[in-house]
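K.L.:
Data file entry28.txt (compact mmCIF, C-alpha atoms and all ligand atoms) is appended below.
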# COMPACT_ATOMS: atom_id res chain seq x y z
CA MET L 10 111.24 109.43 81.40
CA ARG L 11 107.61 110.07 80.61
CA PRO L 12 106.89 112.13 77.48
CA SER L 13 104.87 115.14 78.46
CA GLN L 14 101.31 115.35 77.26
CA ALA L 15 99.83 118.18 75.29
CA PRO L 16 97.16 120.08 77.21
CA PHE L 17 93.44 119.74 76.52
CA PRO L 18 92.06 119.87 73.88
CA LEU L 19 95.18 118.77 72.00
CA THR L 20 95.14 115.73 74.16
CA ARG L 21 91.76 114.16 74.71
CA LEU L 22 92.32 110.92 76.58
CA ARG L 23 88.84 109.74 75.64
CA ARG L 24 89.89 109.43 71.99
CA THR L 25 91.46 106.03 72.61
CA ARG L 26 88.33 104.74 74.37
CA GLN L 27 85.76 105.54 71.70
CA SER L 28 85.29 102.08 70.19
CA ALA L 29 85.98 98.45 70.97
CA ALA L 30 88.56 98.24 68.19
CA LEU L 31 90.48 101.25 69.47
CA ARG L 32 90.29 100.08 73.07
CA ALA L 33 91.71 96.74 71.96
CA LEU L 34 94.61 98.51 70.26
CA VAL L 35 95.69 100.36 73.37
CA ARG L 36 94.94 97.62 75.91
CA GLU L 37 97.97 97.12 78.15
CA ASN L 38 97.27 93.68 79.59
CA GLU L 39 95.82 90.43 78.41
CA LEU L 40 94.23 87.58 80.32
CA SER L 41 94.53 84.19 78.71
CA VAL L 42 93.43 80.72 79.66
CA GLY L 43 97.06 79.71 80.05
CA ASP L 44 97.28 82.02 83.07
CA LEU L 45 94.80 80.01 85.12
CA ILE L 46 95.35 77.37 87.78
CA TRP L 47 92.18 75.65 88.96
CA PRO L 48 91.98 74.59 92.63
CA VAL L 49 89.66 71.62 93.28
CA PHE L 50 88.56 69.69 96.35
CA VAL L 51 88.87 65.92 96.45
CA ARG L 52 87.08 63.55 98.79
CA ASP L 53 86.75 59.83 99.38
CA GLY L 54 84.28 57.56 97.65
CA GLU L 55 83.13 56.85 94.15
CA ASN L 56 80.96 58.91 91.87
CA VAL L 57 80.52 61.55 94.57
CA GLU L 58 79.79 65.18 93.89
CA GLU L 59 79.17 67.15 97.05
CA PRO L 60 78.50 70.89 96.92
CA VAL L 61 80.45 73.19 99.24
CA ALA L 62 77.74 75.36 100.80
CA SER L 63 79.85 78.48 101.28
CA MET L 64 81.23 78.31 97.71
CA PRO L 65 78.27 78.17 95.31
CA GLY L 66 79.15 76.11 92.22
CA VAL L 67 82.19 74.47 93.86
CA MET L 68 82.13 70.73 94.56
CA ARG L 69 84.03 68.13 96.49
CA TRP L 70 84.60 65.31 94.04
CA SER L 71 85.68 61.72 94.47
CA VAL L 72 88.81 60.79 92.51
CA ASP L 73 86.87 59.38 89.53
CA ARG L 74 84.80 62.56 89.29
CA VAL L 75 87.80 64.85 89.67
CA VAL L 76 89.33 63.14 86.65
CA GLU L 77 86.16 63.89 84.67
CA ALA L 78 86.24 67.51 85.84
CA ALA L 79 89.91 67.77 84.89
CA LYS L 80 89.10 66.47 81.41
CA GLU L 81 86.41 69.10 80.93
CA ALA L 82 88.70 71.86 82.15
CA HIS L 83 91.50 70.57 79.94
CA ASP L 84 89.14 70.69 76.94
CA LEU L 85 88.50 74.33 77.78
CA GLY L 86 92.23 75.00 77.74
CA VAL L 87 92.94 75.02 81.48
CA GLY L 88 96.44 73.61 81.79
CA CYS L 89 96.92 73.24 85.52
CA ILE L 90 94.81 71.84 88.33
CA CYS L 91 95.59 72.16 92.04
CA LEU L 92 94.38 69.45 94.43
CA PHE L 93 93.10 69.93 97.98
CA PRO L 94 91.92 66.90 99.92
CA TYR L 95 88.91 66.98 102.19
CA THR L 96 89.73 64.98 105.30
CA GLY L 97 87.20 63.90 107.87
CA ARG L 98 87.97 63.73 111.58
CA ASP L 99 88.93 60.04 111.40
CA LYS L 100 92.05 60.65 109.27
CA ARG L 101 93.24 63.62 111.34
CA THR L 102 95.88 62.62 113.85
CA ALA L 103 98.52 64.30 116.00
CA ASP L 104 101.34 62.76 113.94
CA CYS L 105 99.67 63.73 110.60
CA ALA L 106 100.90 60.45 109.07
CA GLU L 107 98.25 60.52 106.36
CA ALA L 108 100.12 63.48 104.84
CA TRP L 109 102.91 61.24 103.49
CA ASN L 110 100.82 58.15 102.82
CA PRO L 111 101.46 57.30 99.15
CA GLU L 112 97.83 56.18 98.98
CA ASN L 113 96.29 59.33 100.44
CA LEU L 114 93.59 61.10 98.48
CA SER L 115 95.82 63.75 97.02
CA ASN L 116 98.37 61.22 95.74
CA ARG L 117 95.70 58.91 94.31
CA ALA L 118 94.05 61.84 92.55
CA THR L 119 97.42 62.96 91.15
CA ARG L 120 98.10 59.52 89.66
CA ALA L 121 94.58 59.26 88.24
CA ILE L 122 94.74 62.67 86.58
CA LYS L 123 98.28 62.21 85.24
CA SER L 124 97.40 58.85 83.73
CA ALA L 125 94.21 60.18 82.08
CA LEU L 126 95.73 63.54 81.04
CA PRO L 127 99.52 63.38 80.93
CA ASP L 128 99.89 66.94 79.68
CA MET L 129 97.72 68.49 82.40
CA ALA L 130 99.97 69.99 85.04
CA VAL L 131 99.06 68.86 88.54
CA MET L 132 99.84 71.01 91.56
CA THR L 133 99.50 69.88 95.17
CA ASP L 134 99.50 71.53 98.54
CA VAL L 135 102.15 71.00 101.19
CA ALA L 136 100.90 71.76 104.72
CA LEU L 137 99.66 69.58 107.53
CA ASP L 138 96.25 71.18 108.03
CA PRO L 139 94.23 68.58 106.11
CA TYR L 140 95.71 65.86 108.33
CA SER L 141 96.17 67.43 111.76
CA ASP L 142 93.68 67.08 114.60
CA THR L 143 94.28 70.76 115.42
CA GLY L 144 93.62 72.14 111.93
CA HIS L 145 97.04 73.81 112.00
CA ASP L 146 99.58 73.67 109.18
CA GLY L 147 102.25 72.35 111.56
CA PHE L 148 102.70 70.26 114.67
CA VAL L 149 101.48 71.86 117.87
CA VAL L 150 103.42 71.37 121.10
CA ASP L 151 102.27 73.18 124.24
CA GLY L 152 100.29 75.60 122.13
CA GLU L 153 103.25 76.42 119.88
CA ILE L 154 103.36 75.57 116.16
CA ILE L 155 106.84 74.08 116.08
CA ASN L 156 108.87 74.92 112.99
CA ASP L 157 111.75 72.51 112.44
CA GLU L 158 109.93 69.25 113.22
CA THR L 159 107.10 70.43 110.98
CA VAL L 160 109.55 71.03 108.13
CA GLU L 161 110.76 67.41 108.40
CA ALA L 162 107.16 66.24 108.03
CA LEU L 163 106.56 68.61 105.12
CA VAL L 164 109.55 67.14 103.31
CA LYS L 165 108.05 63.65 103.66
CA GLN L 166 104.71 64.93 102.42
CA ALA L 167 106.33 66.67 99.44
CA MET L 168 108.36 63.59 98.53
CA ALA L 169 105.26 61.39 98.49
CA GLN L 170 103.64 63.93 96.17
CA ALA L 171 106.69 63.96 93.90
CA GLU L 172 106.64 60.15 93.77
CA SER L 173 103.02 60.24 92.67
CA GLY L 174 103.94 62.44 89.71
CA VAL L 175 103.03 66.03 90.50
CA ASP L 176 104.44 68.81 88.36
CA ILE L 177 104.23 71.62 90.90
CA ILE L 178 104.47 71.43 94.67
CA GLY L 179 102.91 74.34 96.55
CA PRO L 180 104.12 74.69 100.12
CA SER L 181 101.37 76.75 101.78
CA ASP L 182 102.43 76.17 105.38
CA MET L 183 104.60 79.29 105.97
CA MET L 184 107.21 77.46 108.07
CA ASP L 185 110.75 78.86 107.84
CA GLY L 186 113.27 76.88 105.80
CA ARG L 187 110.86 74.51 104.10
CA ILE L 188 111.68 75.51 100.54
CA ARG L 189 115.38 74.74 101.00
CA ALA L 190 114.63 71.45 102.75
CA ILE L 191 112.14 70.29 100.10
CA ARG L 192 114.37 71.40 97.22
CA HIS L 193 117.36 69.49 98.59
CA ALA L 194 115.27 66.37 99.14
CA LEU L 195 113.88 66.57 95.61
CA GLU L 196 117.35 66.92 94.09
CA ALA L 197 118.69 64.07 96.19
CA ALA L 198 115.91 61.80 94.94
CA ASP L 199 116.38 62.82 91.30
CA HIS L 200 113.12 64.72 91.13
CA ARG L 201 114.98 67.55 89.44
CA ASN L 202 112.10 68.85 87.35
CA VAL L 203 109.49 69.15 90.06
CA MET L 204 108.65 72.81 90.45
CA LEU L 205 108.15 74.64 93.70
CA LEU L 206 105.51 77.36 93.75
CA SER L 207 106.04 78.84 97.16
CA TYR L 208 103.14 80.42 99.00
CA ALA L 209 105.73 83.01 99.99
CA ALA L 210 103.58 85.95 101.04
CA LYS L 211 100.61 84.30 102.67
CA TYR L 212 98.59 86.41 105.04
CA ALA L 213 96.58 85.37 108.09
CA SER L 214 93.30 86.17 106.40
CA ALA L 215 89.59 86.01 107.11
CA PHE L 216 89.11 85.30 103.41
CA TYR L 217 90.06 81.61 103.86
CA GLY L 218 86.84 80.84 105.75
CA PRO L 219 84.95 78.98 103.00
CA PHE L 220 88.08 76.95 102.10
CA ARG L 221 88.32 75.68 105.65
CA ASP L 222 84.70 74.50 105.33
CA ALA L 223 85.56 72.83 102.04
CA VAL L 224 88.49 70.81 103.43
CA GLY L 225 86.85 70.04 106.76
CA ALA L 226 89.25 72.20 108.79
CA SER L 227 86.81 74.76 110.17
CA GLY L 228 85.60 72.59 113.03
CA ALA L 229 89.11 71.28 113.71
CA LEU L 230 91.01 74.59 113.86
CA LYS L 231 91.93 75.70 117.34
CA GLY L 232 92.99 79.32 117.56
CA ASP L 233 94.39 81.23 114.59
CA LYS L 234 97.40 81.07 112.26
CA LYS L 235 98.96 84.41 113.13
CA THR L 236 102.28 83.01 114.37
CA TYR L 237 103.11 81.69 110.90
CA GLN L 238 100.94 83.49 108.38
CA MET L 239 101.61 87.19 107.78
CA ASP L 240 100.13 90.26 109.38
CA PRO L 241 97.88 92.02 106.81
CA ALA L 242 99.49 95.31 107.90
CA ASN L 243 102.88 94.32 106.41
CA SER L 244 104.37 94.76 102.99
CA ASP L 245 108.19 94.96 103.32
CA GLU L 246 108.04 91.63 105.11
CA ALA L 247 106.44 90.09 102.02
CA LEU L 248 109.49 91.08 99.98
CA ARG L 249 111.82 89.50 102.54
CA LEU L 250 109.82 86.26 102.41
CA VAL L 251 109.82 86.16 98.61
CA GLU L 252 113.54 86.87 98.49
CA ARG L 253 114.19 84.15 101.04
CA ASP L 254 112.10 81.55 99.17
CA LEU L 255 113.66 82.36 95.80
CA SER L 256 117.11 82.03 97.37
CA GLU L 257 116.10 78.62 98.73
CA GLY L 258 115.06 77.22 95.36
CA ALA L 259 111.48 78.29 94.67
CA ASP L 260 110.74 78.48 90.93
CA MET L 261 107.67 80.63 91.35
CA VAL L 262 106.11 82.62 94.17
CA MET L 263 102.62 83.38 95.30
CA VAL L 264 100.80 86.18 97.05
CA LYS L 265 97.68 85.16 98.93
CA PRO L 266 94.88 86.30 99.21
CA GLY L 267 94.65 88.09 95.90
CA MET L 268 92.42 91.10 95.48
CA PRO L 269 93.06 92.87 98.79
CA TYR L 270 96.81 92.33 98.24
CA LEU L 271 97.37 93.56 94.67
CA ASP L 272 99.87 96.11 95.98
CA ILE L 273 101.98 93.19 97.22
CA CYS L 274 101.76 91.47 93.82
CA ARG L 275 103.06 94.61 92.15
CA ARG L 276 105.92 95.08 94.60
CA VAL L 277 106.96 91.43 94.33
CA LYS L 278 106.93 91.48 90.54
CA ASP L 279 108.85 94.73 90.34
CA ALA L 280 111.43 93.71 92.92
CA PHE L 281 112.25 90.21 91.67
CA GLY L 282 110.80 89.66 88.19
CA ALA L 283 110.15 86.05 89.13
CA PRO L 284 107.06 84.14 87.98
CA THR L 285 104.46 85.61 90.32
CA PHE L 286 101.04 84.20 91.09
CA ALA L 287 98.12 85.34 93.17
CA TYR L 288 95.54 83.12 94.80
CA GLN L 289 92.02 84.48 94.43
CA VAL L 290 90.94 82.67 97.56
CA SER L 291 87.70 81.07 98.66
CA GLY L 292 86.36 84.17 100.41
CA GLU L 293 86.96 86.31 97.35
CA TYR L 294 85.11 83.76 95.24
CA ALA L 295 82.28 83.58 97.79
CA GLN L 296 81.93 87.37 97.86
CA ILE L 297 81.48 87.62 94.12
CA MET L 298 79.10 84.64 94.00
CA ALA L 299 76.99 85.83 96.92
CA ALA L 300 76.59 89.32 95.49
CA ALA L 301 75.80 87.86 92.06
CA GLN L 302 73.22 85.48 93.49
CA ASN L 303 71.51 88.44 95.11
CA GLY L 304 71.45 90.20 91.77
CA TRP L 305 73.74 92.90 93.14
CA ILE L 306 76.59 92.46 90.68
CA ASP L 307 77.03 90.76 87.34
CA GLN L 308 78.93 87.55 88.05
CA GLU L 309 80.58 87.18 84.67
CA ARG L 310 81.76 90.75 84.48
CA ALA L 311 82.97 90.85 88.08
CA MET L 312 84.82 87.57 87.55
CA MET L 313 86.59 88.69 84.37
CA GLU L 314 87.39 92.12 85.78
CA SER L 315 88.88 90.64 88.94
CA LEU L 316 91.06 88.26 86.93
CA MET L 317 92.29 91.00 84.61
CA CYS L 318 93.25 93.09 87.65
CA PHE L 319 95.73 90.39 88.68
CA LYS L 320 97.44 90.70 85.33
CA ARG L 321 97.51 94.49 85.62
CA ALA L 322 99.08 94.14 89.07
CA GLY L 323 101.95 92.16 87.55
CA CYS L 324 100.89 88.57 88.12
CA ASP L 325 101.82 85.95 85.57
CA GLY L 326 98.91 83.79 86.61
CA VAL L 327 96.08 83.28 89.06
CA LEU L 328 94.77 80.40 91.11
CA THR L 329 91.03 80.78 90.87
CA TYR L 330 87.91 78.73 91.46
CA PHE L 331 86.54 80.55 88.41
CA ALA L 332 89.09 78.89 86.08
CA PRO L 333 86.67 76.79 83.99
CA ALA L 334 84.03 79.54 83.87
CA ALA L 335 86.64 82.09 82.80
CA ALA L 336 88.13 79.64 80.30
CA ARG L 337 84.72 79.25 78.70
CA ILE L 338 84.53 83.00 78.12
CA LEU L 339 88.14 83.38 77.02
CA GLY L 340 87.85 80.54 74.56
CA GLY L 341 84.48 81.71 73.33
CA ALA L 342 83.09 78.23 74.06
N1 LIG J 1 97.44 75.30 104.07
C1 LIG J 1 96.15 75.67 104.07
C2 LIG J 1 95.60 76.40 102.93
N2 LIG J 1 95.92 76.23 101.62
C3 LIG J 1 95.09 77.07 100.87
C4 LIG J 1 94.28 77.77 101.77
C5 LIG J 1 93.21 78.78 101.45
C6 LIG J 1 92.65 78.78 100.09
C7 LIG J 1 91.36 79.50 99.95
O1 LIG J 1 90.84 80.16 100.89
O2 LIG J 1 90.80 79.41 98.86
C8 LIG J 1 94.60 77.37 103.05
C9 LIG J 1 93.86 77.85 104.24
C10 LIG J 1 94.59 78.27 105.43
O3 LIG J 1 95.75 78.65 105.40
O4 LIG J 1 93.96 78.21 106.48
Represent the supplied structure as structure tokens.
Ligand SMILES: NCc1[nH]cc(CCC(=O)O)c1CC(=O)O
P.N.:
Amino acid sequence: MRPSQAPFPLTRLRRTRQSAALRALVRENELSVGDLIWPVFVRDGENVEEPVASMPGVMRWSVDRVVEAAKEAHDLGVGCICLFPYTGRDKRTADCAEAWNPENLSNRATRAIKSALPDMAVMTDVALDPYSDTGHDGFVVDGEIINDETVEALVKQAMAQAESGVDIIGPSDMMDGRIRAIRHALEAADHRNVMLLSYAAKYASAFYGPFRDAVGASGALKGDKKTYQMDPANSDEALRLVERDLSEGADMVMVKPGMPYLDICRRVKDAFGAPTFAYQVSGEYAQIMAAAQNGWIDQERAMMESLMCFKRAGCDGVLTYFAPAAARILGGA
């Protein structure tokens, strides 16, 4: 029960806001560097740093450069990095075999980062879209994204990632039954400590546009992802998906995109109390950067405010392209 409040002027709610010290005393939520997961884009080559045009300040790095970037982020206190490979047309095939190649970019980058920085957590993405000639997260047969055969491929992809030493596997594909299948395969192969962060409530969103540029999927994608990613109009369905994935062995769950879906974050946290993450996706990043570059908003303040809002909405952490920039401010570096 809420205590009732005395009427004005006995209660003046502005009293607690009058100075920085008093505001700090009554602050309800805290953002810390330990809450941040940093998504990065990896590409082939050596000593390559290639800007992503639609994401100002974001690069595609070759494996050697991604290790350097990881070291810098680690020095700033960022504890987890999430790898996304950029794949050109040549490595995209109908059978998506590159996805479970132990020597693919993602797996090479994982090994390089883990050997340079053993205590940096590495997260990887499970979905076929970096490797498919259609740009879809699953196999396409007669125009249909087929579920069960895709799940078999996702298991192979996840196992190759586990073998290369990842800490957290993030299935972002939205196929049914993949968490159970991956969890069983991990247990059977003695990868008992590999965590699954399920992209459980992932919406079919326009905010992924810049990401698809970054990983080379924009040109490849035929059609849309509405038969597997969620309808932005739905909220109860998100709870069913989260419940399903937790019951199949997910350790943590994600809501994606982030800012337009903070109501979903709150519902998920309240309903399950599981470790809950939001992905502040590429389009959210691009919006803030574009407005800031035009001088229309203050980048630093908009960035920190947006990240705090995830905490207020009940998230335990956030995947954000701002991770190093935010870490710099949080650490006072
Ligand atoms: N499996 C694909 C994947 N994994 C992460 C993102 C988006 C991330 C972002 O926009 O920052 C996407 C895009 C998509 O579903 O098309």
K.L.:
In terms of the shortest atom-to-atom distance over all atoms listed in the file, which of L:Val49, L:Leu163, L:Val262, L:Ala334 is closest to Trp70 in chain L?
P.N.:
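Comparing L:Val49, L:Leu163, L:Val262, L:Ala334 against Trp70 in chain L, the winner is L:Val49.
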K.L.:
Around ligand LIG 1 (chain J), out to 8 Å and counting only C-alpha atoms and all ligand atoms, which residues are there? I want them as a VMD selection string.
P.N.:
chain L and resid 48 93 134 to 139 145 to 146 180 to 182 211 213 to 214 216 to 221 226 234 238 266 288 to 292 330
K.L.:
Select, counting all atoms listed in the file, all protein, DNA and RNA residues no farther than 12 Å from (101.4, 94.0, 100.6) in file coordinates, and express the selection as a ChimeraX atom specification.
P.N.:
/L:209-212,239-251,263-278,287,322
K.L.:
Using CA of Asp142 in chain L and CA of Ser227 in chain L as the two end points, give the distance in Å to one decimal.
P.N.:
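Result for CA of Asp142 in chain L versus CA of Ser227 in chain L: 11.2 Å, one decimal.
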K.L.:
Just how far from CA of Gly232 in chain L is CA of Thr143 in chain L, in Å to one decimal?
P.N.:
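Interatomic distance here is 8.9 Å.
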K.L.:
Since the input lacks some atoms of range 152-185 of chain L, please model N, CA and C atoms and print them as an mmCIF file, keeping the file's coordinate frame.
P.N.:
data_model
loop_
_atom_site.group_PDB
_atom_site.id
_atom_site.type_symbol
_atom_site.label_atom_id
_atom_site.label_comp_id
_atom_site.auth_asym_id
_atom_site.auth_seq_id
_atom_site.Cartn_x
_atom_site.Cartn_y
_atom_site.Cartn_z
ATOM 1 N N GLY L 152 100.884 74.393 122.698
ATOM 2 C CA GLY L 152 100.290 75.600 122.130
ATOM 3 C C GLY L 152 101.151 76.304 121.090
ATOM 4 N N GLU L 153 102.373 75.778 120.863
ATOM 5 C CA GLU L 153 103.250 76.420 119.880
ATOM 6 C C GLU L 153 103.260 75.593 118.590
ATOM 7 N N ILE L 154 103.218 76.275 117.442
ATOM 8 C CA ILE L 154 103.360 75.570 116.160
ATOM 9 C C ILE L 154 104.861 75.461 115.922
ATOM 10 N N ILE L 155 105.389 74.239 116.067
ATOM 11 C CA ILE L 155 106.840 74.080 116.080
ATOM 12 C C ILE L 155 107.368 73.975 114.645
ATOM 13 N N ASN L 156 108.399 74.734 114.369
ATOM 14 C CA ASN L 156 108.870 74.920 112.990
ATOM 15 C C ASN L 156 109.659 73.730 112.439
ATOM 16 N N ASP L 157 110.776 73.394 113.084
ATOM 17 C CA ASP L 157 111.750 72.510 112.440
ATOM 18 C C ASP L 157 111.236 71.083 112.295
ATOM 19 N N GLU L 158 110.521 70.587 113.311
ATOM 20 C CA GLU L 158 109.930 69.250 113.220
ATOM 21 C C GLU L 158 108.848 69.230 112.149
ATOM 22 N N THR L 159 108.127 70.338 112.032
ATOM 23 C CA THR L 159 107.100 70.430 110.980
ATOM 24 C C THR L 159 107.760 70.348 109.602
ATOM 25 N N VAL L 160 108.883 71.041 109.446
ATOM 26 C CA VAL L 160 109.550 71.030 108.130
ATOM 27 C C VAL L 160 109.943 69.602 107.748
ATOM 28 N N GLU L 161 110.413 68.817 108.712
ATOM 29 C CA GLU L 161 110.760 67.410 108.400
ATOM 30 C C GLU L 161 109.544 66.655 107.876
ATOM 31 N N ALA L 162 108.387 66.899 108.483
ATOM 32 C CA ALA L 162 107.160 66.240 108.030
ATOM 33 C C ALA L 162 106.753 66.744 106.643
ATOM 34 N N LEU L 163 106.931 68.029 106.419
ATOM 35 C CA LEU L 163 106.560 68.610 105.120
ATOM 36 C C LEU L 163 107.404 68.018 104.002
ATOM 37 N N VAL L 164 108.677 67.751 104.316
ATOM 38 C CA VAL L 164 109.550 67.140 103.310
ATOM 39 C C VAL L 164 109.013 65.753 102.948
ATOM 40 N N LYS L 165 108.602 64.986 103.953
ATOM 41 C CA LYS L 165 108.050 63.650 103.660
ATOM 42 C C LYS L 165 106.773 63.763 102.818
ATOM 43 N N GLN L 166 105.949 64.732 103.175
ATOM 44 C CA GLN L 166 104.710 64.930 102.420
ATOM 45 C C GLN L 166 105.020 65.310 100.969
ATOM 46 N N ALA L 167 105.967 66.223 100.787
ATOM 47 C CA ALA L 167 106.330 66.670 99.440
ATOM 48 C C ALA L 167 106.921 65.527 98.622
ATOM 49 N N MET L 168 107.735 64.694 99.267
ATOM 50 C CA MET L 168 108.360 63.590 98.530
ATOM 51 C C MET L 168 107.325 62.577 98.073
ATOM 52 N N ALA L 169 106.322 62.320 98.908
ATOM 53 C CA ALA L 169 105.260 61.390 98.490
ATOM 54 C C ALA L 169 104.494 61.980 97.296
ATOM 55 N N GLN L 170 104.330 63.281 97.301
ATOM 56 C CA GLN L 170 103.640 63.930 96.170
ATOM 57 C C GLN L 170 104.485 63.847 94.898
ATOM 58 N N ALA L 171 105.796 64.055 95.061
ATOM 59 C CA ALA L 171 106.690 63.960 93.900
ATOM 60 C C ALA L 171 106.663 62.541 93.335
ATOM 61 N N GLU L 172 106.692 61.564 94.211
ATOM 62 C CA GLU L 172 106.640 60.150 93.770
ATOM 63 C C GLU L 172 105.363 59.858 92.998
ATOM 64 N N SER L 173 104.278 60.526 93.363
ATOM 65 C CA SER L 173 103.020 60.240 92.670
ATOM 66 C C SER L 173 102.899 61.013 91.356
ATOM 67 N N GLY L 174 103.883 61.856 91.054
ATOM 68 C CA GLY L 174 103.940 62.440 89.710
ATOM 69 C C GLY L 174 103.490 63.879 89.567
ATOM 70 N N VAL L 175 103.471 64.639 90.653
ATOM 71 C CA VAL L 175 103.030 66.030 90.500
ATOM 72 C C VAL L 175 104.057 66.847 89.714
ATOM 73 N N ASP L 176 103.571 67.891 89.091
ATOM 74 C CA ASP L 176 104.440 68.810 88.360
ATOM 75 C C ASP L 176 104.883 69.961 89.247
ATOM 76 N N ILE L 177 103.961 70.425 90.091
ATOM 77 C CA ILE L 177 104.230 71.620 90.900
ATOM 78 C C ILE L 177 103.840 71.325 92.347
ATOM 79 N N ILE L 178 104.766 71.571 93.243
ATOM 80 C CA ILE L 178 104.470 71.430 94.670
ATOM 81 C C ILE L 178 104.305 72.833 95.253
ATOM 82 N N GLY L 179 103.215 73.028 95.979
ATOM 83 C CA GLY L 179 102.910 74.340 96.550
ATOM 84 C C GLY L 179 102.935 74.335 98.062
ATOM 85 N N PRO L 180 104.086 74.625 98.661
ATOM 86 C CA PRO L 180 104.120 74.690 100.120
ATOM 87 C C PRO L 180 103.343 75.921 100.611
ATOM 88 N N SER L 181 102.252 75.666 101.351
ATOM 89 C CA SER L 181 101.370 76.750 101.780
ATOM 90 C C SER L 181 101.417 76.941 103.291
ATOM 91 N N ASP L 182 102.410 76.292 103.920
ATOM 92 C CA ASP L 182 102.430 76.170 105.380
ATOM 93 C C ASP L 182 103.061 77.372 106.100
ATOM 94 N N MET L 183 103.924 78.113 105.398
ATOM 95 C CA MET L 183 104.600 79.290 105.970
ATOM 96 C C MET L 183 105.600 78.970 107.090
ATOM 97 N N MET L 184 106.113 77.743 107.132
ATOM 98 C CA MET L 184 107.210 77.460 108.070
ATOM 99 C C MET L 184 108.508 78.033 107.477
ATOM 100 N N ASP L 185 109.457 78.362 108.326
ATOM 101 C CA ASP L 185 110.750 78.860 107.840
ATOM 102 C C ASP L 185 111.631 77.697 107.393
#
